[in-house]
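**Q** Structure supplied as entry-v9.tsv; contents: TSV, C-alpha atoms.
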```tsv
chain	number	residue	atom	x	y	z
L	28	MET	CA	103.18	116.90	136.01
L	29	ARG	CA	101.87	113.66	134.64
L	30	ILE	CA	102.60	113.72	130.91
L	31	ALA	CA	101.26	111.46	128.16
L	32	PHE	CA	104.11	111.48	125.63
L	33	PHE	CA	103.77	110.49	121.97
L	34	ALA	CA	106.24	110.59	119.05
L	35	PRO	CA	104.32	109.77	115.84
L	36	HIS	CA	107.36	109.89	113.56
L	37	LYS	CA	109.49	107.39	115.48
L	38	HIS	CA	109.00	106.24	119.07
L	39	ILE	CA	111.90	107.19	121.30
L	40	ASP	CA	113.16	103.65	121.95
L	41	HIS	CA	113.25	102.81	118.23
L	42	PRO	CA	116.48	100.90	117.39
L	43	LEU	CA	117.36	103.01	114.33
L	44	PRO	CA	119.35	106.07	115.48
L	45	SER	CA	118.77	109.54	114.03
L	46	GLY	CA	118.94	113.19	115.01
L	47	ASP	CA	115.17	113.31	115.44
L	48	LEU	CA	115.30	110.31	117.75
L	49	ILE	CA	117.99	111.93	119.88
L	50	ILE	CA	115.94	115.14	120.24
L	51	GLY	CA	112.76	113.25	121.20
L	52	ARG	CA	114.50	110.95	123.66
L	53	THR	CA	116.35	113.89	125.21
L	54	LEU	CA	113.10	115.82	125.71
L	55	HIS	CA	111.46	112.79	127.33
L	56	ASP	CA	114.43	112.00	129.58
L	57	PHE	CA	114.87	115.63	130.64
L	58	LEU	CA	111.27	115.94	131.79
L	59	GLN	CA	111.54	112.63	133.60
L	60	ALA	CA	114.77	113.71	135.32
L	61	GLN	CA	112.98	116.89	136.47
L	62	GLY	CA	110.63	114.70	138.49
L	63	HIS	CA	107.66	114.54	136.11
L	64	GLU	CA	105.92	111.24	135.48
L	65	LEU	CA	105.77	110.30	131.80
L	66	LEU	CA	103.80	107.63	129.99
L	67	ILE	CA	104.65	106.58	126.45
L	68	ALA	CA	101.06	106.90	125.25
L	69	SER	CA	101.62	104.78	122.14
L	70	ARG	CA	104.46	103.31	120.10
L	71	ALA	CA	102.46	103.47	116.88
L	72	ARG	CA	104.64	104.80	114.07
L	73	LEU	CA	102.61	107.08	111.80
L	74	ARG	CA	105.26	107.79	109.17
L	75	HIS	CA	103.47	107.79	105.77
L	76	ILE	CA	100.34	106.44	107.47
L	77	THR	CA	98.04	108.24	104.99
L	78	GLY	CA	99.47	106.12	102.18
L	79	ARG	CA	99.11	102.81	104.02
L	80	PRO	CA	95.33	102.11	104.11
L	81	LEU	CA	95.82	98.46	105.07
L	82	GLU	CA	97.10	99.68	108.45
L	83	TRP	CA	94.13	101.94	109.20
L	84	PRO	CA	91.99	99.26	110.94
L	85	GLY	CA	94.93	98.44	113.22
L	86	LEU	CA	95.43	102.13	113.91
L	87	PHE	CA	91.78	102.45	114.94
L	88	LEU	CA	92.28	99.62	117.45
L	89	GLU	CA	95.47	101.29	118.69
L	90	LEU	CA	93.51	104.51	119.20
L	91	GLN	CA	91.08	102.69	121.49
L	92	ARG	CA	93.90	100.98	123.41
L	93	THR	CA	95.75	104.28	123.77
L	94	LEU	CA	92.65	106.04	125.04
L	95	LYS	CA	92.24	103.42	127.78
L	96	ARG	CA	95.96	103.46	128.61
L	97	VAL	CA	96.05	107.24	128.91
L	98	ARG	CA	92.75	107.48	130.82
L	99	ASP	CA	94.12	105.01	133.41
L	100	PHE	CA	97.30	107.11	133.68
L	101	ASN	CA	95.25	110.29	134.28
L	102	PRO	CA	97.75	112.80	132.83
L	103	ASP	CA	97.81	116.55	133.30
L	104	ILE	CA	98.82	117.14	129.68
L	105	TRP	CA	99.39	115.34	126.37
L	106	LEU	CA	102.74	116.16	124.70
L	107	THR	CA	103.43	115.18	121.10
L	108	TYR	CA	106.96	115.32	119.79
L	109	HIS	CA	107.31	116.22	116.07
L	110	SER	CA	104.10	116.31	114.07
L	111	TYR	CA	104.36	117.12	110.36
L	112	TYR	CA	102.79	116.07	107.07
L	113	LYS	CA	104.68	112.76	106.80
L	114	SER	CA	103.89	111.75	110.37
L	115	PRO	CA	100.83	113.73	111.49
L	116	ASP	CA	99.52	113.25	115.01
L	117	LEU	CA	96.27	111.33	114.66
L	118	LEU	CA	95.97	110.38	118.34
L	119	GLY	CA	96.72	113.48	120.41
L	120	PRO	CA	93.90	115.82	119.34
L	121	TYR	CA	91.20	113.18	119.78
L	122	ILE	CA	92.38	111.71	123.08
L	123	SER	CA	93.23	115.02	124.75
L	124	ALA	CA	89.77	116.37	123.81
L	125	LYS	CA	88.11	113.18	125.02
L	126	LEU	CA	89.86	113.40	128.39
L	127	GLY	CA	89.65	117.18	128.69
L	128	ILE	CA	93.39	117.72	129.08
L	129	PRO	CA	95.68	120.32	127.42
L	130	TYR	CA	97.41	119.27	124.21
L	131	ALA	CA	100.89	120.50	123.27
L	132	ILE	CA	103.20	119.83	120.32
L	133	TYR	CA	106.98	120.16	120.54
L	134	GLN	CA	108.62	120.63	117.12
L	135	GLY	CA	105.51	121.40	115.15
L	136	VAL	CA	106.08	121.82	111.42
L	137	PHE	CA	103.83	123.44	108.81
L	138	ALA	CA	104.31	124.21	105.11
L	139	THR	CA	101.53	125.06	102.67
L	140	LYS	CA	103.36	123.60	99.66
L	141	TYR	CA	102.20	120.11	100.72
L	142	ARG	CA	98.56	121.00	100.15
L	143	ARG	CA	99.19	121.25	96.40
L	144	ASN	CA	100.09	117.58	95.90
L	145	LEU	CA	97.44	114.85	96.06
L	146	ARG	CA	99.93	112.47	97.69
L	147	THR	CA	100.86	114.87	100.50
L	148	TRP	CA	97.49	116.64	100.92
L	149	PRO	CA	95.97	114.12	103.40
L	150	GLY	CA	99.00	114.30	105.71
L	151	TYR	CA	99.07	118.08	105.37
L	152	MET	CA	95.40	118.37	106.41
L	153	ILE	CA	95.72	115.96	109.36
L	154	ASN	CA	98.81	117.77	110.60
L	155	LYS	CA	97.13	121.16	110.21
L	156	HIS	CA	94.16	119.86	112.21
L	157	ALA	CA	96.51	118.78	115.02
L	158	LEU	CA	98.33	122.12	115.04
L	159	LEU	CA	95.10	124.13	115.13
L	160	HIS	CA	93.75	122.05	118.02
L	161	ALA	CA	96.93	122.30	120.10
L	162	ASP	CA	96.83	124.49	123.20
L	163	HIS	CA	100.48	125.27	122.57
L	164	VAL	CA	103.06	124.61	119.86
L	165	PHE	CA	106.86	124.82	120.22
L	166	ALA	CA	108.89	125.57	117.08
L	167	ASN	CA	112.60	124.90	117.37
L	168	LYS	CA	113.61	126.25	113.96
L	169	LYS	CA	113.27	129.77	112.58
L	170	LEU	CA	111.55	128.70	109.36
L	171	ASP	CA	109.04	126.53	111.23
L	172	PHE	CA	108.26	129.40	113.60
L	173	GLU	CA	107.62	131.76	110.70
L	174	ASN	CA	105.37	129.25	108.91
L	175	LEU	CA	103.45	128.35	112.06
L	176	SER	CA	102.90	132.03	112.81
L	177	ARG	CA	100.54	132.11	109.83
L	178	ILE	CA	98.04	129.76	111.49
L	179	ILE	CA	98.84	129.79	115.24
L	180	LEU	CA	98.02	132.67	117.57
L	181	PRO	CA	101.13	134.32	119.10
L	182	GLN	CA	100.12	133.35	122.66
L	183	LYS	CA	99.97	129.70	121.59
L	184	LEU	CA	103.35	129.59	119.86
L	185	THR	CA	106.83	129.55	121.38
L	186	ARG	CA	110.15	129.81	119.55
L	187	THR	CA	112.68	127.53	121.16
L	188	HIS	CA	115.92	125.86	120.09
L	189	VAL	CA	117.12	122.29	120.09
L	190	GLY	CA	120.38	121.80	121.89
L	191	ILE	CA	123.16	119.59	123.13
L	192	LYS	CA	124.67	118.93	126.51
L	193	THR	CA	127.44	121.44	126.01
L	194	GLU	CA	129.48	120.00	128.89
L	195	GLN	CA	129.85	116.76	126.88
L	196	PHE	CA	131.31	118.51	123.83
L	197	SER	CA	134.38	120.58	124.49
L	198	TYR	CA	137.93	120.49	123.20
L	199	ASN	CA	139.94	117.69	124.83
L	200	SER	CA	143.73	117.82	124.37
L	201	GLY	CA	144.14	114.28	125.65
L	202	GLY	CA	141.47	113.07	123.24
L	203	GLU	CA	143.19	114.88	120.38
L	204	ALA	CA	146.49	113.18	121.10
L	205	GLU	CA	144.80	109.77	121.50
L	206	ILE	CA	142.93	109.91	118.19
L	207	ARG	CA	145.82	111.38	116.22
L	208	ARG	CA	148.10	108.65	117.55
L	209	LYS	CA	145.52	105.89	116.93
L	210	HIS	CA	144.96	106.88	113.28
L	211	SER	CA	148.53	108.02	112.49
L	212	LEU	CA	147.50	111.64	111.98
L	213	GLU	CA	150.63	113.34	113.29
L	214	GLY	CA	151.59	116.21	110.98
L	215	LYS	CA	148.28	115.96	109.08
L	216	GLN	CA	145.51	118.47	108.58
L	217	VAL	CA	142.25	116.70	109.34
L	218	ILE	CA	138.80	117.33	107.93
L	219	LEU	CA	136.19	115.40	109.89
L	220	SER	CA	132.69	114.46	108.76
L	221	ALA	CA	130.00	112.38	110.49
L	222	ALA	CA	126.72	110.99	109.22
L	223	MET	CA	124.57	107.91	109.02
L	224	LEU	CA	125.57	106.32	105.71
L	225	ARG	CA	122.06	105.64	104.43
L	226	GLU	CA	121.17	105.40	100.75
L	227	ASP	CA	119.38	108.74	100.71
L	228	VAL	CA	120.38	112.38	101.14
L	229	LYS	CA	122.94	111.29	103.75
L	230	ALA	CA	124.90	109.30	101.16
L	231	GLU	CA	124.33	112.07	98.62
L	232	SER	CA	125.88	114.60	101.01
L	233	ILE	CA	128.92	112.40	101.60
L	234	THR	CA	129.25	111.88	97.84
L	235	ASP	CA	129.32	115.66	97.35
L	236	LEU	CA	131.91	116.00	100.10
L	237	ILE	CA	134.14	113.36	98.48
L	238	ASN	CA	133.85	115.16	95.14
L	239	ALA	CA	134.72	118.46	96.83
L	240	PHE	CA	137.70	116.95	98.67
L	241	ALA	CA	139.15	115.10	95.67
L	242	PRO	CA	140.96	118.10	94.08
L	243	LEU	CA	142.37	119.09	97.48
L	244	SER	CA	143.80	115.61	97.99
L	245	LYS	CA	145.92	116.15	94.88
L	246	LYS	CA	147.12	119.64	95.89
L	247	TYR	CA	147.80	119.10	99.60
L	248	PRO	CA	149.45	115.80	100.55
L	249	GLN	CA	149.15	116.56	104.28
L	250	VAL	CA	145.31	116.78	104.24
L	251	VAL	CA	143.07	113.80	105.09
L	252	LEU	CA	139.31	113.36	105.35
L	253	LEU	CA	137.85	111.20	108.14
L	254	ILE	CA	134.24	110.05	107.87
L	255	ALA	CA	132.51	108.70	110.98
L	256	GLY	CA	129.33	106.69	110.62
L	257	ASP	CA	127.95	103.47	109.21
L	258	GLY	CA	125.09	102.20	107.09
L	259	GLU	CA	124.18	100.33	103.94
L	260	ALA	CA	125.90	102.89	101.70
L	261	ARG	CA	129.30	102.58	103.40
L	262	SER	CA	130.84	99.97	101.10
L	263	ARG	CA	129.79	101.80	97.95
L	264	LEU	CA	131.03	105.13	99.31
L	265	GLN	CA	134.37	103.60	100.30
L	266	ASP	CA	134.89	102.34	96.74
L	267	PHE	CA	133.94	105.75	95.35
L	268	ALA	CA	136.28	107.54	97.80
L	269	ALA	CA	139.21	105.28	96.85
L	270	GLN	CA	138.54	106.00	93.18
L	271	LYS	CA	138.41	109.78	93.73
L	272	ALA	CA	141.11	110.32	96.38
L	273	GLY	CA	143.07	107.10	96.86
L	274	ASN	CA	143.94	106.43	100.51
L	275	ARG	CA	143.32	109.99	101.68
L	276	ILE	CA	139.77	109.32	102.88
L	277	HIS	CA	139.30	107.07	105.92
L	278	PHE	CA	135.97	105.59	107.02
L	279	LEU	CA	135.90	105.19	110.80
L	280	GLY	CA	132.64	103.28	111.19
L	281	ARG	CA	130.19	104.08	113.95
L	282	ILE	CA	131.71	106.04	116.82
L	283	LYS	CA	130.12	105.93	120.28
L	284	ARG	CA	128.49	109.25	121.08
L	285	GLU	CA	130.54	109.62	124.27
L	286	GLU	CA	133.74	109.26	122.20
L	287	LEU	CA	132.84	111.81	119.53
L	288	HIS	CA	134.33	114.80	121.36
L	289	LYS	CA	137.78	113.20	121.01
L	290	TYR	CA	137.42	113.01	117.23
L	291	TYR	CA	136.17	116.60	117.02
L	292	SER	CA	139.17	117.63	119.13
L	293	ALA	CA	141.57	115.85	116.77
L	294	ALA	CA	140.27	117.61	113.64
L	295	ASP	CA	141.02	121.03	112.14
L	296	LEU	CA	137.56	121.56	110.68
L	297	PHE	CA	134.22	119.80	110.26
L	298	ALA	CA	132.50	119.32	106.90
L	299	TYR	CA	129.12	117.88	106.01
L	300	PRO	CA	127.10	119.39	103.14
L	301	GLY	CA	123.70	118.71	104.78
L	302	ILE	CA	121.35	118.17	101.82
L	303	ASN	CA	117.78	118.37	103.15
L	304	GLU	CA	119.13	118.45	106.71
L	305	ALA	CA	116.54	119.56	109.25
L	306	LEU	CA	119.19	120.92	111.61
L	307	GLY	CA	122.10	118.53	112.16
L	308	MET	CA	123.21	117.84	115.72
L	309	VAL	CA	126.73	117.16	114.46
L	310	TYR	CA	127.08	120.83	113.51
L	311	LEU	CA	126.31	121.83	117.10
L	312	GLU	CA	128.66	119.22	118.58
L	313	ALA	CA	131.54	120.11	116.27
L	314	GLN	CA	131.24	123.86	116.93
L	315	CYS	CA	130.99	123.30	120.68
L	316	CYS	CA	134.33	121.49	120.45
L	317	GLY	CA	135.83	124.49	118.64
L	318	LEU	CA	135.62	123.34	115.02
L	319	PRO	CA	134.75	125.67	112.13
L	320	VAL	CA	132.13	124.13	109.83
L	321	VAL	CA	131.84	123.85	106.06
L	322	ALA	CA	128.37	123.03	104.70
L	323	TYR	CA	125.69	124.01	102.22
L	324	SER	CA	123.51	127.01	102.99
L	325	THR	CA	120.36	124.89	103.25
L	326	SER	CA	117.88	125.47	106.08
L	327	GLY	CA	119.44	123.10	108.63
L	328	PRO	CA	123.08	124.19	108.38
L	329	LYS	CA	122.00	127.84	108.08
L	330	GLU	CA	120.17	127.48	111.40
L	331	ALA	CA	123.08	125.76	113.15
L	332	VAL	CA	126.04	127.65	111.67
L	333	SER	CA	126.64	131.40	111.45
L	334	HIS	CA	128.19	132.03	108.03
L	335	GLY	CA	131.42	133.96	108.27
L	336	GLU	CA	131.44	133.73	112.07
L	337	THR	CA	131.56	130.01	112.92
L	338	GLY	CA	131.76	128.45	109.46
L	339	LEU	CA	131.45	128.87	105.71
L	340	LEU	CA	128.26	128.00	103.82
L	341	SER	CA	127.75	127.71	100.07
L	342	PRO	CA	124.81	127.06	97.72
L	343	GLU	CA	123.47	123.50	97.58
L	344	LYS	CA	125.15	121.26	94.95
L	345	ASP	CA	127.82	123.88	94.19
L	346	ILE	CA	130.79	121.50	94.51
L	347	PRO	CA	133.46	124.06	93.45
L	348	ALA	CA	132.22	126.46	96.15
L	349	LEU	CA	132.34	123.64	98.70
L	350	THR	CA	135.93	122.91	97.65
L	351	ALA	CA	136.85	126.60	97.86
L	352	ASN	CA	135.49	126.89	101.41
L	353	LEU	CA	137.37	123.78	102.53
L	354	GLU	CA	140.57	125.16	100.99
L	355	LYS	CA	140.10	128.59	102.50
L	356	LEU	CA	139.85	127.20	106.03
L	357	LEU	CA	142.73	124.78	105.50
L	358	LEU	CA	145.04	127.58	104.35
L	359	ASP	CA	143.93	130.38	106.69
L	360	SER	CA	144.93	129.41	110.22
L	361	ASN	CA	143.92	132.82	111.60
L	362	LEU	CA	140.39	132.42	110.27
L	363	ARG	CA	140.21	128.89	111.69
L	364	GLU	CA	141.33	130.14	115.07
L	365	THR	CA	138.85	133.04	115.08
L	366	MET	CA	135.97	130.71	114.21
L	367	ALA	CA	137.18	128.11	116.70
L	368	LYS	CA	136.83	130.70	119.49
L	369	ALA	CA	133.46	132.03	118.32
L	370	ALA	CA	131.79	128.65	117.73
L	371	PRO	CA	131.58	127.31	121.32
L	372	PHE	CA	130.39	130.71	122.57
L	373	ARG	CA	127.51	130.77	120.07
L	374	ILE	CA	126.49	127.17	120.80
L	375	LYS	CA	126.39	127.79	124.54
L	376	LYS	CA	124.37	130.96	124.01
L	377	TYR	CA	121.66	129.51	121.75
L	378	PHE	CA	121.87	125.71	121.87
L	379	ASP	CA	122.45	124.81	125.51
L	380	LEU	CA	120.06	121.91	126.03
L	381	SER	CA	119.37	122.34	129.73
L	382	ALA	CA	118.61	126.05	129.47
L	383	ASN	CA	116.32	125.56	126.45
L	384	LEU	CA	114.40	122.65	127.95
L	385	LEU	CA	113.91	124.47	131.25
L	386	GLU	CA	111.93	127.08	129.29
L	387	VAL	CA	109.85	124.32	127.67
L	388	GLU	CA	109.20	122.73	131.08
L	389	TRP	CA	108.08	126.09	132.51
L	390	LYS	CA	105.63	126.60	129.66
L	391	LEU	CA	104.25	123.04	129.95
L	392	ASN	CA	103.70	123.55	133.67
L	393	LYS	CA	101.78	126.73	132.94
L	394	ILE	CA	99.66	125.06	130.24
L	395	SER	CA	98.89	122.03	132.38
L	396	HIS	CA	97.36	124.26	135.07
L	397	TRP	CA	94.97	126.00	132.70
L	398	ARG	CA	92.27	123.43	133.47
L	399	TYR	CA	92.35	124.00	137.23
```
As structure tokens - that is how I would like this structure written.
**A**
Amino acid sequence: MRIAFFAPHKHIDHPLPSGDLIIGRTLHDFLQAQGHELLIASRARLRHITGRPLEWPGLFLELQRTLKRVRDFNPDIWLTYHSYYKSPDLLGPYISAKLGIPYAIYQGVFATKYRRNLRTWPGYMINKHALLHADHVFANKKLDFENLSRIILPQKLTRTHVGIKTEQFSYNSGGEAEIRRKHSLEGKQVILSAAMLREDVKAESITDLINAFAPLSKKYPQVVLLIAGDGEARSRLQDFAAQKAGNRIHFLGRIKREELHKYYSAADLFAYPGINEALGMVYLEAQCCGLPVVAYSTSGPKEAVSHGETGLLSPEKDIPALTANLEKLLLDSNLRETMAKAAPFRIKKYFDLSANLLEVEWKLNKISHWRY
């Protein structure tokens, strides 16, 4: 297939890392590795575009340039990654119709609550237009699939899952020994967390985790919390952590993705509350390495973690419940071991990247041949 690929939220070679970026880049690279020819149709970033009218003339020019670029490429299909009310796809429906090619959306999102607010209504309507004009929509979360089912015909909607390269995330005894030696963790129980330390819900989640860990740091001298990740909130969070738990919380900075499995292997459990988390790739990675997870029962963690089977979830902002779940897993080695065995099995069953993307590729191939 020749595929015109567009990511309106954030183009896949954007320098700022995120879970969404990883998913989009992985989808693109997988299809390319399968032998398909892909064109980045446009690098226009449409995040909050409805509230930036000064950029609309430039977007109109970009639409014309993209049309020419894509027409010269002569694709079999247009594929948009992640269209929702904040970053609705303004280019795909128009250009695919103009060129007479199928139009597909991977990770379509729809929620009627955004039609009730004047600020979000324009993005809601543009995104709904894109979804209704798509020949096929892939939903990789249960809630999105249920919401999309209200406006998309069953034959045009596929439930899929995001995933990870499970072979890259498995328990590594050598890695465990290396990391425990490097950070003087011998004889310690280790809670690991990982997040971008941005001044938003990411920092809020880490703040909640620090508050939940603080009472445990006073009760259990052998327990430490490691936090991997970097960002503008790091310095402030370090000061807060020192105030709440002394030297029992260690900030590791940014860890290379290919090194993360060693840190998961060195920990006893993984904890990240996940406020407003869409899914959370770190939950999948940690479980694949055999770590039980502690998080809030918000939509993302609830999708990634099976409560009572591979982790413990609690209501959002309930810090005492978060503390209780951390303590329960720290004290109950049998429960940790049971979850550690169940977690990799579940991830490989539902979140194996290659298997999930092969299904997407098959469907795209089928759609792209509709016009012949």
**Q** Region 195-210 of chain L: which residues within 6 Å, counting only C-alpha atoms, same-chain residues fewer than 6 positions away excluded, as a list in words?
**A**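 The filter keeps His288, Lys289, Ser292, Ala293, Glu312, Cys315 and Cys316 of chain L.
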**Q** What does the distance between CA of Leu243 (chain L) and CA of Glu364 (chain L) come to in Å, to one decimal place?
**A**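 Atom-to-atom, CA of Leu243 (chain L) and CA of Glu364 (chain L) are spaced 20.8 Å apart.
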**Q** Taking (107.1, 129.0, 129.1) in the file's own coordinates, collect the residues within 12 Å, counting all atoms listed in the file, and hand them back as a PDB file with C-alpha atoms, in the coordinates of the input.
**A**
```pdb
ATOM      1  CA  HIS L 163     100.480 125.270 122.570  1.00  0.00           C
ATOM      2  CA  VAL L 164     103.060 124.610 119.860  1.00  0.00           C
ATOM      3  CA  PHE L 165     106.860 124.820 120.220  1.00  0.00           C
ATOM      4  CA  GLN L 182     100.120 133.350 122.660  1.00  0.00           C
ATOM      5  CA  LYS L 183      99.970 129.700 121.590  1.00  0.00           C
ATOM      6  CA  LEU L 184     103.350 129.590 119.860  1.00  0.00           C
ATOM      7  CA  THR L 185     106.830 129.550 121.380  1.00  0.00           C
ATOM      8  CA  ARG L 186     110.150 129.810 119.550  1.00  0.00           C
ATOM      9  CA  THR L 187     112.680 127.530 121.160  1.00  0.00           C
ATOM     10  CA  ALA L 382     118.610 126.050 129.470  1.00  0.00           C
ATOM     11  CA  ASN L 383     116.320 125.560 126.450  1.00  0.00           C
ATOM     12  CA  LEU L 384     114.400 122.650 127.950  1.00  0.00           C
ATOM     13  CA  LEU L 385     113.910 124.470 131.250  1.00  0.00           C
ATOM     14  CA  GLU L 386     111.930 127.080 129.290  1.00  0.00           C
ATOM     15  CA  VAL L 387     109.850 124.320 127.670  1.00  0.00           C
ATOM     16  CA  GLU L 388     109.200 122.730 131.080  1.00  0.00           C
ATOM     17  CA  TRP L 389     108.080 126.090 132.510  1.00  0.00           C
ATOM     18  CA  LYS L 390     105.630 126.600 129.660  1.00  0.00           C
ATOM     19  CA  LEU L 391     104.250 123.040 129.950  1.00  0.00           C
ATOM     20  CA  ASN L 392     103.700 123.550 133.670  1.00  0.00           C
ATOM     21  CA  LYS L 393     101.780 126.730 132.940  1.00  0.00           C
ATOM     22  CA  ILE L 394      99.660 125.060 130.240  1.00  0.00           C
ATOM     23  CA  SER L 395      98.890 122.030 132.380  1.00  0.00           C
TER      24      SER L 395
END
```
**Q** Between L:Arg29, L:Arg146, L:Lys192, L:His63, which has the minimum distance to His75 (chain L) (counting only C-alpha atoms)?
**A** L:Arg146
**Q** Mind listing whatever residues come within 9 Å of the point (137.6, 128.7, 108.6)? Use all atoms listed in the file, file coordinates, and give them as a list in words.
**A**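 Protein and nucleic acid residues near the point are Leu296, Leu318, Pro319, Val320, Val321, Gly335, Glu336, Thr337, Gly338, Leu339, Asn352, Leu353, Glu354, Lys355, Leu356, Leu357, Leu358, Asp359, Ser360, Asn361, Leu362, Arg363, Glu364, Thr365, Met366 and Ala367 of chain L.
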**Q** Report as an MDAnalysis selection string all protein, DNA and RNA residues lying within 12 Å of region 269-278 of chain L, evaluated on only C-alpha atoms, omitting residues in the same chain fewer than 2 positions from it.
**A** chainID L and resid 210:212 215:224 233:258 260:267 280:282
**Q** Which distance in Å separates CA of Thr193 (chain L) and CA of His334 (chain L), to one decimal?
**A**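 CA of His334 (chain L) lies 20.9 Å from CA of Thr193 (chain L).
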**Q** Would you list the contacts of Asn303 (chain L) as a list in words, taking every protein, DNA or RNA residue within 12 Å and counting only C-alpha atoms, but skipping same-chain residues closer than 5 positions in sequence?
**A**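 Everything that qualifies: Asp227, Val228, Lys229, Ala230, Glu231, Ser232, Ala322, Tyr323, Ser324, Thr325, Ser326, Gly327, Pro328, Lys329, Glu343 and Lys344 of chain L.
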**Q** Just checking: using only C-alpha atoms, which residue out of L:His36, L:Lys368, L:Arg142, L:Arg225 ends up closest to His109 (chain L)?
**A**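 Closest to His109 (chain L) of all the choices is L:His36.
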**Q** Select, from L:Ala331, L:Ala313, L:Ile30, L:Ile191, the residue with the minimum atom-to-atom distance to Thr107 (chain L), counting all atoms listed in the file.
**A** L:Ile30
**Q** Would you mind reading off the distance between CA of Asp103 (chain L) and CA of Gly62 (chain L), one decimal, in Å?
**A**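 Separating CA of Asp103 (chain L) from CA of Gly62 (chain L) is a distance of 14.0 Å.
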**Q** Which residue out of L:Pro42, L:Asp171, L:Pro84, L:Phe33 has the minimum interatomic distance to Pro120 (chain L) when all atoms listed in the file are used?
**A** L:Phe33
**Q** Using all atoms listed in the file, which of L:Val332, L:Ile104, L:Leu58, L:Ala138 sits nearest Gly150 (chain L)?
**A**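 Residue with the minimum atom-to-atom distance to Gly150 (chain L): L:Ala138.
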**Q** Which residue is closest to Ala31 (chain L)? Choose from L:Leu311, L:Leu66, L:Leu287, L:Ala294 and count all atoms listed in the file.
**A**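 Of the candidates, the smallest distance to Ala31 (chain L) is held by L:Leu66.
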**Q** My structure is short of atoms at region 78-93 of chain L; please model N, CA and C atoms there, returning them as a CSV table (one decimal), in the coordinates of the input.
**A**
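Listed below is the output, result_16.csv:
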```
chain,number,residue,atom,x,y,z
L,78,GLY,N,99.3,106.9,103.4
L,78,GLY,CA,99.5,106.1,102.2
L,78,GLY,C,99.5,104.6,102.4
L,79,ARG,N,99.1,104.2,103.7
L,79,ARG,CA,99.1,102.8,104.0
L,79,ARG,C,97.7,102.4,104.5
L,80,PRO,N,96.7,102.4,103.7
L,80,PRO,CA,95.3,102.1,104.1
L,80,PRO,C,95.1,100.8,104.8
L,81,LEU,N,96.0,99.8,104.4
L,81,LEU,CA,95.8,98.5,105.1
L,81,LEU,C,96.1,98.5,106.6
L,82,GLU,N,96.8,99.6,107.0
L,82,GLU,CA,97.1,99.7,108.4
L,82,GLU,C,96.1,100.5,109.2
L,83,TRP,N,95.1,101.1,108.5
L,83,TRP,CA,94.1,101.9,109.2
L,83,TRP,C,93.3,101.2,110.2
L,84,PRO,N,92.8,100.0,109.9
L,84,PRO,CA,92.0,99.3,110.9
L,84,PRO,C,92.8,99.0,112.2
L,85,GLY,N,94.1,98.7,112.0
L,85,GLY,CA,94.9,98.4,113.2
L,85,GLY,C,95.2,99.7,114.0
L,86,LEU,N,95.2,100.8,113.3
L,86,LEU,CA,95.4,102.1,113.9
L,86,LEU,C,94.2,102.5,114.7
L,87,PHE,N,93.0,102.2,114.2
L,87,PHE,CA,91.8,102.4,114.9
L,87,PHE,C,91.8,101.7,116.3
L,88,LEU,N,92.2,100.4,116.2
L,88,LEU,CA,92.3,99.6,117.4
L,88,LEU,C,93.3,100.2,118.4
L,89,GLU,N,94.4,100.7,117.9
L,89,GLU,CA,95.5,101.3,118.7
L,89,GLU,C,94.9,102.6,119.3
L,90,LEU,N,94.1,103.3,118.6
L,90,LEU,CA,93.5,104.5,119.2
L,90,LEU,C,92.7,104.2,120.4
L,91,GLN,N,91.9,103.1,120.4
L,91,GLN,CA,91.1,102.7,121.5
L,91,GLN,C,91.9,102.2,122.7
L,92,ARG,N,93.0,101.5,122.3
L,92,ARG,CA,93.9,101.0,123.4
L,92,ARG,C,94.6,102.2,124.1
L,93,THR,N,95.0,103.1,123.2
L,93,THR,CA,95.8,104.3,123.8
L,93,THR,C,94.8,105.1,124.7
```
